[in-house]
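Have a look at data14.tsv below; it lists TSV, C-alpha atoms and all ligand atoms.
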chain	number	residue	atom	x	y	z
A	1	MET	CA	12.31	64.21	63.74
A	2	VAL	CA	13.13	67.49	65.42
A	3	ASP	CA	13.17	65.63	68.69
A	4	ILE	CA	15.68	63.06	67.37
A	5	ASN	CA	17.95	65.84	66.10
A	6	ASP	CA	17.85	67.58	69.47
A	7	ILE	CA	18.82	64.34	71.21
A	8	LYS	CA	21.71	63.90	68.79
A	9	ASN	CA	22.94	67.45	69.41
A	10	THR	CA	22.79	67.23	73.19
A	11	PHE	CA	24.49	63.85	72.97
A	12	LEU	CA	27.32	65.31	70.87
A	13	HIS	CA	27.65	68.15	73.34
A	14	ASP	CA	27.75	65.72	76.26
A	15	LEU	CA	30.33	63.59	74.46
A	16	THR	CA	32.69	66.49	73.79
A	17	SER	CA	32.75	67.49	77.42
A	18	ALA	CA	33.41	63.89	78.63
A	19	ARG	CA	36.94	63.60	80.04
A	20	THR	CA	37.07	60.31	81.91
A	21	ALA	CA	35.83	56.74	81.59
A	22	GLY	CA	33.40	57.62	84.41
A	23	ASP	CA	31.94	60.53	82.38
A	24	LEU	CA	31.41	58.16	79.46
A	25	GLN	CA	29.70	55.62	81.61
A	26	ASN	CA	27.23	58.31	82.75
A	27	ILE	CA	26.53	59.26	79.14
A	28	ARG	CA	25.98	55.64	78.22
A	29	ILE	CA	23.43	55.33	81.03
A	30	LYS	CA	21.79	58.63	80.17
A	31	TYR	CA	21.14	57.60	76.52
A	32	THR	CA	21.12	53.84	76.16
A	33	GLY	CA	20.60	52.65	79.75
A	34	LYS	CA	17.38	50.94	80.91
A	35	LYS	CA	15.88	54.31	81.75
A	36	GLY	CA	17.81	56.15	79.07
A	37	ILE	CA	16.53	58.66	76.53
A	38	ILE	CA	16.88	56.33	73.52
A	39	THR	CA	15.36	53.42	75.40
A	40	ALA	CA	12.39	55.62	76.23
A	41	LYS	CA	12.02	56.56	72.57
A	42	LEU	CA	12.02	52.90	71.53
A	43	LYS	CA	9.38	52.15	74.11
A	44	LEU	CA	7.16	54.74	72.44
A	45	LEU	CA	7.10	52.69	69.19
A	46	PRO	CA	3.73	51.00	69.86
A	47	THR	CA	2.10	54.43	70.20
A	48	VAL	CA	3.34	55.62	66.81
A	49	ARG	CA	0.95	55.52	63.91
A	50	GLN	CA	1.17	52.37	61.86
A	51	GLU	CA	2.44	53.97	58.63
A	52	GLU	CA	5.13	55.97	60.46
A	53	LYS	CA	6.39	53.04	62.50
A	54	PRO	CA	9.11	51.82	60.05
A	55	ALA	CA	10.61	55.29	59.57
A	56	TYR	CA	10.44	56.08	63.27
A	57	GLY	CA	11.94	52.78	64.29
A	58	LYS	CA	14.73	53.13	61.75
A	59	LEU	CA	15.54	56.66	62.88
A	60	VAL	CA	15.71	55.82	66.57
A	61	ASN	CA	17.71	52.67	65.89
A	62	GLU	CA	20.21	54.52	63.73
A	63	LEU	CA	20.63	57.11	66.46
A	64	LYS	CA	21.19	54.34	69.00
A	65	VAL	CA	23.84	52.71	66.81
A	66	PHE	CA	25.43	56.09	66.20
A	67	ILE	CA	25.50	56.89	69.94
A	68	GLN	CA	26.96	53.51	70.85
A	69	GLY	CA	29.61	53.82	68.13
A	70	GLU	CA	30.60	57.32	69.24
A	71	ILE	CA	30.80	56.29	72.90
A	72	ASP	CA	33.00	53.30	71.99
A	73	ARG	CA	35.26	55.47	69.88
A	74	LYS	CA	35.61	58.06	72.62
A	75	GLU	CA	36.18	55.30	75.18
A	76	SER	CA	39.19	53.93	73.35
A	77	GLN	CA	40.47	57.48	72.92
A	78	ILE	CA	40.25	58.08	76.68
A	79	LYS	CA	41.82	54.72	77.48
A	80	ASN	CA	44.73	55.51	75.18
A	81	LEU	CA	45.17	58.89	76.76
A	82	GLU	CA	45.08	57.44	80.28
A	83	ARG	CA	47.62	54.76	79.36
A	84	ASN	CA	49.98	57.31	77.86
A	85	GLN	CA	49.69	59.45	80.96
A	86	LYS	CA	50.45	56.44	83.14
A	87	ILE	CA	53.52	55.52	81.08
A	88	ALA	CA	54.72	59.11	81.21
A	89	ALA	CA	54.27	59.21	85.00
A	90	GLU	CA	56.18	55.97	85.50
A	91	ALA	CA	59.02	56.87	83.17
A	92	ILE	CA	62.54	56.30	84.49
A	93	ASP	CA	65.19	58.87	83.72
A	94	ILE	CA	68.13	56.73	82.73
A	95	THR	CA	70.34	59.79	82.47
A	96	LEU	CA	70.22	60.38	86.26
A	97	PRO	CA	73.53	59.56	87.97
A	98	GLY	CA	73.47	56.24	89.91
A	99	LYS	CA	73.86	55.84	93.69
A	100	TYR	CA	77.48	54.98	94.62
A	101	THR	CA	78.05	52.28	97.18
A	102	GLN	CA	81.53	52.24	98.64
A	103	PRO	CA	83.01	48.75	98.09
A	104	GLY	CA	84.33	46.87	101.14
A	105	ARG	CA	88.01	46.20	101.75
A	106	THR	CA	90.07	43.53	103.39
A	107	HIS	CA	90.85	44.34	107.03
A	108	PRO	CA	94.57	45.05	107.63
A	109	ILE	CA	94.79	42.09	110.04
A	110	SER	CA	93.39	39.80	107.32
A	111	VAL	CA	95.81	41.26	104.77
A	112	VAL	CA	98.86	40.52	106.94
A	113	LEU	CA	97.50	37.16	108.13
A	114	LYS	CA	97.21	36.10	104.50
A	115	GLU	CA	100.73	37.33	103.77
A	116	VAL	CA	102.12	35.31	106.68
A	117	ILE	CA	100.19	32.20	105.62
A	118	ASP	CA	101.33	32.60	101.99
A	119	THR	CA	104.96	33.09	103.03
A	120	PHE	CA	105.02	29.88	105.07
A	121	GLY	CA	102.93	28.15	102.40
A	122	SER	CA	105.66	28.91	99.88
A	123	MET	CA	108.12	27.15	102.23
A	124	GLY	CA	105.95	24.03	102.29
A	125	PHE	CA	104.13	24.50	105.61
A	126	ALA	CA	100.68	22.91	105.96
A	127	ILE	CA	97.87	24.55	107.96
A	128	GLU	CA	96.34	23.16	111.17
A	129	VAL	CA	93.63	24.60	113.41
A	130	GLY	CA	92.37	24.05	116.95
A	131	PRO	CA	89.53	25.25	119.19
A	132	GLU	CA	89.45	28.74	120.72
A	133	VAL	CA	87.68	27.37	123.80
A	134	GLU	CA	90.41	25.08	125.05
A	135	LEU	CA	91.20	22.71	127.86
A	136	ASP	CA	93.69	23.81	130.51
A	137	TYR	CA	95.56	20.62	129.62
A	138	TYR	CA	96.34	21.67	126.03
A	139	ASN	CA	96.85	25.35	126.73
A	140	PHE	CA	99.20	24.84	129.68
A	141	GLU	CA	99.85	21.41	131.12
A	142	ALA	CA	100.93	19.56	127.98
A	143	LEU	CA	103.16	22.56	127.18
A	144	ASN	CA	105.15	22.00	130.34
A	145	ILE	CA	103.29	24.68	132.30
A	146	PRO	CA	101.91	22.84	135.37
A	147	LYS	CA	99.25	24.35	137.63
A	148	ASN	CA	100.78	26.98	139.95
A	149	HIS	CA	103.76	27.35	137.63
A	150	PRO	CA	104.88	31.01	137.73
A	151	ALA	CA	104.90	31.10	133.90
A	152	ARG	CA	101.09	31.13	133.99
A	153	ASP	CA	101.31	34.69	135.23
A	154	MET	CA	102.78	35.69	131.85
A	155	GLN	CA	99.36	35.16	130.31
A	156	ASP	CA	96.25	36.69	131.87
A	157	THR	CA	93.76	33.94	131.22
A	158	PHE	CA	90.00	34.05	130.74
A	159	TYR	CA	88.84	30.95	132.61
A	160	ILE	CA	85.45	29.39	131.85
A	161	SER	CA	85.81	26.75	134.56
A	162	ASP	CA	88.77	25.20	136.39
A	163	ASP	CA	89.64	23.10	133.34
A	164	VAL	CA	88.25	25.15	130.45
A	165	LEU	CA	89.54	28.50	129.20
A	166	LEU	CA	89.88	30.71	126.14
A	167	ARG	CA	93.23	29.77	124.66
A	168	THR	CA	95.91	32.33	125.47
A	169	HIS	CA	98.11	31.32	122.53
A	170	THR	CA	98.03	29.03	119.48
A	171	SER	CA	100.59	26.65	121.03
A	172	PRO	CA	97.89	24.10	122.08
A	173	VAL	CA	97.49	23.34	118.35
A	174	GLN	CA	101.07	21.97	118.48
A	175	VAL	CA	100.00	19.42	121.08
A	176	ARG	CA	96.67	18.52	119.45
A	177	THR	CA	98.33	17.99	116.06
A	178	MET	CA	101.21	15.91	117.45
A	179	GLU	CA	98.72	13.77	119.42
A	180	ARG	CA	96.90	12.74	116.25
A	181	SER	CA	99.83	12.45	113.82
A	182	LYS	CA	103.29	10.99	113.45
A	183	PRO	CA	106.45	12.96	112.47
A	184	PRO	CA	107.59	14.44	110.18
A	185	LEU	CA	105.46	17.54	110.80
A	186	LYS	CA	105.70	20.96	109.24
A	187	PHE	CA	102.73	23.25	109.75
A	188	ILE	CA	101.51	26.63	110.88
A	189	ALA	CA	98.39	27.23	113.00
A	190	PRO	CA	96.78	30.64	112.55
A	191	GLY	CA	93.93	31.78	114.80
A	192	LYS	CA	92.40	33.97	117.47
A	193	VAL	CA	93.70	33.99	121.03
A	194	TYR	CA	92.46	35.74	124.18
A	195	ARG	CA	94.08	37.46	127.14
A	196	CYS	CA	92.57	39.58	129.85
A	197	ASP	CA	94.53	42.69	128.97
A	198	ALA	CA	93.76	46.02	127.24
A	199	ASP	CA	95.97	49.04	126.48
A	200	VAL	CA	97.73	50.62	123.47
A	201	SER	CA	99.51	47.35	122.69
A	202	HIS	CA	96.99	44.77	123.98
A	203	THR	CA	93.42	43.81	123.03
A	204	PRO	CA	91.52	41.00	124.80
A	205	MET	CA	91.33	39.14	121.48
A	206	PHE	CA	94.17	39.08	119.00
A	207	HIS	CA	95.64	36.81	116.34
A	208	GLN	CA	98.64	34.53	116.40
A	209	VAL	CA	100.34	32.25	113.93
A	210	GLU	CA	102.05	29.23	115.48
A	211	GLY	CA	104.61	27.14	113.66
A	212	LEU	CA	105.97	23.66	114.29
A	213	VAL	CA	108.53	21.54	112.49
A	214	VAL	CA	109.36	18.05	113.80
A	215	ASP	CA	111.63	15.42	112.26
A	216	THR	CA	114.63	13.31	113.18
A	217	ASP	CA	117.32	15.92	112.50
A	218	ILE	CA	115.93	19.38	113.10
A	219	SER	CA	118.45	21.82	114.53
A	220	PHE	CA	118.53	25.38	115.74
A	221	SER	CA	120.07	26.42	112.42
A	222	ASP	CA	116.89	25.20	110.67
A	223	LEU	CA	114.89	27.46	112.98
A	224	LYS	CA	117.21	30.39	112.20
A	225	GLY	CA	117.09	29.79	108.45
A	226	VAL	CA	113.29	29.53	108.25
A	227	LEU	CA	112.60	32.53	110.47
A	228	GLU	CA	115.20	34.75	108.81
A	229	LEU	CA	113.75	33.96	105.42
A	230	PHE	CA	110.26	34.68	106.77
A	231	VAL	CA	111.26	38.05	108.25
A	232	HIS	CA	113.04	39.09	105.05
A	233	ARG	CA	109.99	38.22	102.97
A	234	MET	CA	107.54	39.95	105.33
A	235	PHE	CA	109.51	43.12	105.97
A	236	LYS	CA	112.32	43.93	103.60
A	237	LYS	CA	115.13	41.94	102.09
A	238	ASP	CA	118.33	42.14	104.15
A	239	ILE	CA	116.77	43.83	107.20
A	240	PRO	CA	119.06	42.93	110.14
A	241	VAL	CA	117.60	40.11	112.30
A	242	ARG	CA	118.83	38.95	115.70
A	243	PHE	CA	118.05	36.00	117.93
A	244	ARG	CA	118.02	36.95	121.59
A	245	PRO	CA	117.96	34.32	124.37
A	246	SER	CA	114.58	34.07	126.08
A	247	PHE	CA	112.40	31.69	128.06
A	248	PHE	CA	109.31	29.65	127.24
A	249	PRO	CA	108.44	26.55	129.29
A	250	PHE	CA	107.75	24.55	126.12
A	251	THR	CA	110.99	25.29	124.24
A	252	GLU	CA	114.62	24.85	125.18
A	253	PRO	CA	116.64	26.77	124.22
A	254	SER	CA	114.22	29.64	123.59
A	255	ALA	CA	114.74	32.82	121.65
A	256	GLU	CA	113.02	36.00	120.74
A	257	VAL	CA	113.49	37.26	117.21
A	258	ASP	CA	114.07	40.98	116.72
A	259	ILE	CA	114.36	43.05	113.56
A	260	SER	CA	116.31	46.25	113.25
A	261	CYS	CA	113.92	49.15	114.03
A	262	ILE	CA	112.06	50.09	110.84
A	263	LEU	CA	111.67	53.72	111.89
A	264	CYS	CA	115.22	54.61	112.97
A	265	SER	CA	117.15	51.81	111.17
A	266	GLY	CA	118.76	50.78	114.44
A	267	ALA	CA	119.85	54.19	115.67
A	268	GLY	CA	117.39	54.13	118.57
A	269	CYS	CA	114.08	55.99	118.79
A	270	ARG	CA	110.86	56.24	120.79
A	271	VAL	CA	109.27	53.24	119.04
A	272	CYS	CA	112.18	50.85	119.76
A	273	LYS	CA	112.68	52.51	123.15
A	274	GLY	CA	116.22	53.46	122.22
A	275	SER	CA	117.35	49.86	121.66
A	276	GLY	CA	117.38	49.96	117.87
A	277	TRP	CA	115.52	46.59	117.79
A	278	LEU	CA	111.88	45.50	117.56
A	279	GLU	CA	110.64	42.12	118.79
A	280	VAL	CA	108.62	40.24	116.17
A	281	LEU	CA	108.20	36.69	117.48
A	282	GLY	CA	109.06	34.00	120.02
A	283	ALA	CA	110.63	30.65	119.14
A	284	GLY	CA	112.73	27.75	120.34
A	285	MET	CA	113.57	24.06	120.12
A	286	VAL	CA	110.66	21.88	121.27
A	287	HIS	CA	111.17	20.91	124.94
A	288	PRO	CA	111.68	17.14	125.49
A	289	ARG	CA	108.84	17.21	128.07
A	290	VAL	CA	106.39	18.32	125.35
A	291	PHE	CA	107.43	15.42	123.12
A	292	GLU	CA	107.01	13.00	126.03
A	293	MET	CA	103.50	14.31	126.74
A	294	VAL	CA	102.37	13.43	123.18
A	295	GLY	CA	104.25	10.15	123.08
A	296	TYR	CA	107.11	11.17	120.77
A	297	ASP	CA	110.57	9.82	121.66
A	298	PRO	CA	112.70	12.91	122.47
A	299	GLU	CA	115.85	10.88	121.76
A	300	LEU	CA	114.68	10.20	118.24
A	301	TYR	CA	112.92	13.44	117.31
A	302	SER	CA	113.78	17.09	117.49
A	303	GLY	CA	111.91	20.14	116.33
A	304	PHE	CA	111.42	23.85	116.52
A	305	ALA	CA	108.39	25.98	117.23
A	306	PHE	CA	107.59	29.64	116.88
A	307	GLY	CA	104.68	31.96	117.57
A	308	MET	CA	103.92	35.50	116.51
A	309	GLY	CA	101.23	38.11	117.05
A	310	ILE	CA	99.68	39.30	113.80
A	311	GLU	CA	98.54	42.62	115.27
A	312	ARG	CA	102.11	43.32	116.35
A	313	ILE	CA	103.55	42.51	112.92
A	314	THR	CA	100.88	44.65	111.25
A	315	MET	CA	101.67	47.55	113.58
A	316	LEU	CA	105.38	47.29	112.75
A	317	LYS	CA	104.75	46.98	109.02
A	318	TYR	CA	102.47	50.01	108.83
A	319	SER	CA	103.83	52.06	111.76
A	320	ILE	CA	100.54	51.95	113.70
A	321	ASN	CA	101.01	52.97	117.32
A	322	ASP	CA	97.69	51.92	118.88
A	323	ILE	CA	96.46	48.32	118.54
A	324	ARG	CA	92.88	49.36	119.39
A	325	THR	CA	92.48	51.10	116.03
A	326	PHE	CA	92.14	47.64	114.43
A	327	TYR	CA	88.89	46.99	116.29
A	328	GLU	CA	87.22	50.39	116.41
A	329	ASN	CA	85.91	49.98	112.84
A	330	ASP	CA	86.65	53.59	111.97
A	331	ILE	CA	86.25	53.72	108.19
A	332	ARG	CA	88.83	56.52	107.93
A	333	PHE	CA	91.44	54.18	109.41
A	334	LEU	CA	90.41	51.02	107.55
A	335	ARG	CA	90.19	52.79	104.17
A	336	GLN	CA	93.95	53.27	104.14
A	337	PHE	CA	94.73	49.60	103.55
B	401	LIG	N1	103.14	30.73	122.63
B	401	LIG	C1	104.10	31.77	122.84
B	401	LIG	C2	103.36	33.05	123.22
B	401	LIG	O1	102.20	33.17	122.99
B	401	LIG	C3	104.95	32.03	121.63
B	401	LIG	C4	105.80	30.85	121.26
B	401	LIG	C5	105.33	29.89	120.43
B	401	LIG	C6	107.10	30.74	121.76
B	401	LIG	C7	106.13	28.79	120.09
B	401	LIG	C8	107.90	29.70	121.43
B	401	LIG	C9	107.42	28.72	120.59
B	401	LIG	O2	103.93	33.97	123.76
Show me the file's structure as structure tokens.
Amino acid sequence: MVDINDIKNTFLHDLTSARTAGDLQNIRIKYTGKKGIITAKLKLLPTVRQEEKPAYGKLVNELKVFIQGEIDRKESQIKNLERNQKIAAEAIDITLPGKYTQPGRTHPISVVLKEVIDTFGSMGFAIEVGPEVELDYYNFEALNIPKNHPARDMQDTFYISDDVLLRTHTSPVQVRTMERSKPPLKFIAPGKVYRCDADVSHTPMFHQVEGLVVDTDISFSDLKGVLELFVHRMFKKDIPVRFRPSFFPFTEPSAEVDISCILCSGAGCRVCKGSGWLEVLGAGMVHPRVFEMVGYDPELYSGFAFGMGIERITMLKYSINDIRTFYENDIRFLRQF
């Protein structure tokens, strides 16, 4: 009896000092395992005197049940404790301020390109596209610029082979579109173009928007009306516009369109080089040779074409003096748009 009480006391002492599931497991082995204290006591049963056997057996069994019950109780206590600790450790502080990611913005060239497209869209122009890797034929020959023609020097070309090049302007889209369709035509062709040139006003890749209108009675006054309206919508209403005679092999007559200098309002400054005018685009009446090359009858059809550099228009609109800033990806520059 005394023995049983001692076991119970040491067990209770052991149990109180148990902290982890591992401690409990050791206690379980120490008392009720195969070589445990209680198991040993039960094994002694045959040696107990006959009349004491029932009382002895009962006592040891009760202790065993008690020990198992206590261990189970403590086990669930420890498990609860461990779970609560785990939850506490994994807790997320929803009051912490979040991480701010700066949202992206539309590139200034894309902003102005879209404005140009929308302006012509509102005047009923469709959109056509062509390849950036182009045949010499479409880029030059069909535009009345034969091989060895001095006008080829105007455009420093990236050649891929004798017949293949990176288009130097969007004008080849005029030819490709006329080849596959019949008049009337009224479209713009936006896209990338390439020239072997780099300084404050030139990058090897830049963007142009071409325009072409062809029908039976298109005159120079149509060209003037459309381009004046365009310039007034893009820059500001009533800005003075002038058409200055120029030369392109694929238009005749040809003109360059200038706007009154935005910075000095025509007085003359460093930006307009004292002239009071800024060039915004090239244009002209489609040359009869170009119509012949695509199989249009130049006696029946007339048309006008124009082409502009988007970088140039963006620079004028926002008074940017170095074209390279568009492609340096300096966030401080791009953030302003
Ligand atoms: N393709 C010419 C250039 O890149 C611009 C232009 C287009 C001029 C259409 C007249 C007509 O310089």
**Request:** Please identify all polymer residues within 6 Å of Arg195 in chain A, counting only C-alpha atoms, omitting same-chain residues fewer than 3 positions from it, and present them as number ranges by chain.
**Result:** A: 156-157, 168, 204
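In this comparison, which uses all atoms listed in the file, the residue of A:Pro97, A:Pro298, A:Gly191, A:Pro131 approaching ligand LIG 401 (chain B) most closely is A:Gly191.
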**Request:** Step by step: start from the point (13.9, 53.5, 65.7) in the file's coordinates, keep every protein, DNA or RNA residue that has an atom no farther than 12 Å from it, count all atoms listed in the file, and write the set as a list of chain:residue names.
**Result:** A:Met1, A:Ile4, A:Ile38, A:Thr39, A:Ala40, A:Lys41, A:Leu42, A:Lys43, A:Leu44, A:Leu45, A:Pro46, A:Val48, A:Glu52, A:Lys53, A:Pro54, A:Ala55, A:Tyr56, A:Gly57, A:Lys58, A:Leu59, A:Val60, A:Asn61, A:Glu62, A:Leu63, A:Lys64, A:Val65, A:Phe66
**Distance filter 9 Å around ligand LIG 401 (chain B), atoms: only C-alpha atoms and all ligand atoms, out as JSON, numbers by chain** = {"A": [154, 155, 168, 169, 170, 171, 172, 174, 193, 208, 209, 210, 211, 212, 247, 248, 249, 250, 251, 254, 255, 256, 281, 282, 283, 284, 285, 286, 304, 305, 306, 307, 308, 309]}
Export of the given selection (C-alpha atoms) as a PDB file, in the frame of the given file:
ATOM      1  CA  MET A 154     102.780  35.690 131.850  1.00  0.00           C
ATOM      2  CA  GLN A 155      99.360  35.160 130.310  1.00  0.00           C
ATOM      3  CA  THR A 168      95.910  32.330 125.470  1.00  0.00           C
ATOM      4  CA  HIS A 169      98.110  31.320 122.530  1.00  0.00           C
ATOM      5  CA  THR A 170      98.030  29.030 119.480  1.00  0.00           C
ATOM      6  CA  SER A 171     100.590  26.650 121.030  1.00  0.00           C
ATOM      7  CA  PRO A 172      97.890  24.100 122.080  1.00  0.00           C
ATOM      8  CA  GLN A 174     101.070  21.970 118.480  1.00  0.00           C
ATOM      9  CA  VAL A 193      93.700  33.990 121.030  1.00  0.00           C
ATOM     10  CA  GLN A 208      98.640  34.530 116.400  1.00  0.00           C
ATOM     11  CA  VAL A 209     100.340  32.250 113.930  1.00  0.00           C
ATOM     12  CA  GLU A 210     102.050  29.230 115.480  1.00  0.00           C
ATOM     13  CA  GLY A 211     104.610  27.140 113.660  1.00  0.00           C
ATOM     14  CA  LEU A 212     105.970  23.660 114.290  1.00  0.00           C
ATOM     15  CA  PHE A 247     112.400  31.690 128.060  1.00  0.00           C
ATOM     16  CA  PHE A 248     109.310  29.650 127.240  1.00  0.00           C
ATOM     17  CA  PRO A 249     108.440  26.550 129.290  1.00  0.00           C
ATOM     18  CA  PHE A 250     107.750  24.550 126.120  1.00  0.00           C
ATOM     19  CA  THR A 251     110.990  25.290 124.240  1.00  0.00           C
ATOM     20  CA  SER A 254     114.220  29.640 123.590  1.00  0.00           C
ATOM     21  CA  ALA A 255     114.740  32.820 121.650  1.00  0.00           C
ATOM     22  CA  GLU A 256     113.020  36.000 120.740  1.00  0.00           C
ATOM     23  CA  LEU A 281     108.200  36.690 117.480  1.00  0.00           C
ATOM     24  CA  GLY A 282     109.060  34.000 120.020  1.00  0.00           C
ATOM     25  CA  ALA A 283     110.630  30.650 119.140  1.00  0.00           C
ATOM     26  CA  GLY A 284     112.730  27.750 120.340  1.00  0.00           C
ATOM     27  CA  MET A 285     113.570  24.060 120.120  1.00  0.00           C
ATOM     28  CA  VAL A 286     110.660  21.880 121.270  1.00  0.00           C
ATOM     29  CA  PHE A 304     111.420  23.850 116.520  1.00  0.00           C
ATOM     30  CA  ALA A 305     108.390  25.980 117.230  1.00  0.00           C
ATOM     31  CA  PHE A 306     107.590  29.640 116.880  1.00  0.00           C
ATOM     32  CA  GLY A 307     104.680  31.960 117.570  1.00  0.00           C
ATOM     33  CA  MET A 308     103.920  35.500 116.510  1.00  0.00           C
ATOM     34  CA  GLY A 309     101.230  38.110 117.050  1.00  0.00           C
TER      35      GLY A 309
END
**Request:** Would you mind listing what lies within 8 Å of Val133 in chain A as a PyMOL selection string, with all atoms listed in the file counted and same-chain residues fewer than 6 positions away left out?
**Result:** chain A and resi 164-167
**Request:** Using CA of Ala151 in chain A and CA of Cys272 in chain A as the two end points, give the distance in Å to one decimal.
**Result:**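 CA of Cys272 in chain A lies at a distance of 25.4 Å from CA of Ala151 in chain A.
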Return the padded bounding box of range 305-308 of chain A as AutoDock Vina command-line options: axis-aligned, built from all atoms listed in the file, 8 Å added on each side, with centre and edge lengths in Å to one decimal.
--center_x 106.2 --center_y 30.7 --center_z 117.0 --size_x 20.5 --size_y 25.5 --size_z 17.1
**Message:** Please determine, counting only C-alpha atoms, which residue among A:Pro103, A:Gly268, A:Pro190, A:Gly124 has the shortest atom-to-atom distance to Phe206 in chain A.
**Reply:**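 Answer, going by the shortest atom-to-atom distance: A:Pro190.
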**Pick from A:Phe230, A:Tyr159, A:Phe220, A:Tyr296, whichever lies nearest to Ser181 in chain A using only C-alpha atoms** =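 Looking at the shortest contact to Ser181 in chain A, the residue is A:Tyr296.
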**Request:** Give me, please, the distance in Å between CA of Asp258 in chain A and CA of Pro240 in chain A, quoted to one decimal.
**Result:**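 These two atoms are separated by 8.5 Å.
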**Request:** Could you jot down the CA of Glu134 in chain A to CA of Asp163 in chain A separation for me, Å, one decimal place?
**Result:**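 Result for CA of Glu134 in chain A versus CA of Asp163 in chain A: 8.6 Å, one decimal.
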**Request:** Return the single residue from A:Ile71, A:Val231, A:Ile313, A:Val173 that is closest to Gly22 in chain A, with distances computed using all atoms listed in the file.
**Result:**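 Of A:Ile71, A:Val231, A:Ile313, A:Val173, the one nearest Gly22 in chain A is A:Ile71, counting all atoms listed in the file.
For His202 in chain A, the set of protein, DNA and RNA residues having any atom at most 12 Å away, when counting only C-alpha atoms and skipping those fewer than 6 positions along the same chain, is Gln155, Asp156, Val193, Tyr194, Arg195, Cys196, Gly309, Ile310, Glu311, Arg312, Met315, Asn321, Asp322, Ile323, Arg324, Thr325, Phe326 and Tyr327 of chain A.
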**Message:** For a quick check of understanding, using all atoms listed in the file, which of A:Glu328, A:Ser221, A:Thr216, A:Met234 has the smallest distance to Asp118 in chain A?
**Reply:**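 Checking each of A:Glu328, A:Ser221, A:Thr216, A:Met234 against Asp118 in chain A, counting all atoms listed in the file, the winner is A:Met234.
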**Request:** Can you work out which one of A:Thr119, A:Lys114, A:Arg176, A:Asn9 has the shortest atom-to-atom distance to Tyr137 in chain A, counting all atoms listed in the file?
**Result:**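 Going through A:Thr119, A:Lys114, A:Arg176, A:Asn9 one by one, the smallest distance to Tyr137 in chain A is for A:Arg176.
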Ala126 in chain A surroundings by all atoms listed in the file, 8 Å radius, close-in-sequence under 5 positions cut, as a short mmCIF file (atom, residue, chain, number, x, y, z; two decimals) with C-alpha atoms, keeping the file's coordinate frame:
data_model
loop_
_atom_site.label_atom_id
_atom_site.label_comp_id
_atom_site.auth_asym_id
_atom_site.auth_seq_id
_atom_site.Cartn_x
_atom_site.Cartn_y
_atom_site.Cartn_z
CA GLY A 121 102.93 28.15 102.40
CA LYS A 186 105.70 20.96 109.24
CA PHE A 187 102.73 23.25 109.75
CA ILE A 188 101.51 26.63 110.88
#
**Request:** Would you mind listing what lies within 12 Å of Lys236 in chain A as a PyMOL selection string, with only C-alpha atoms counted and same-chain residues fewer than 4 positions away left out?
**Result:** chain A and resi 228-232+240-241+259-262+265+316-317
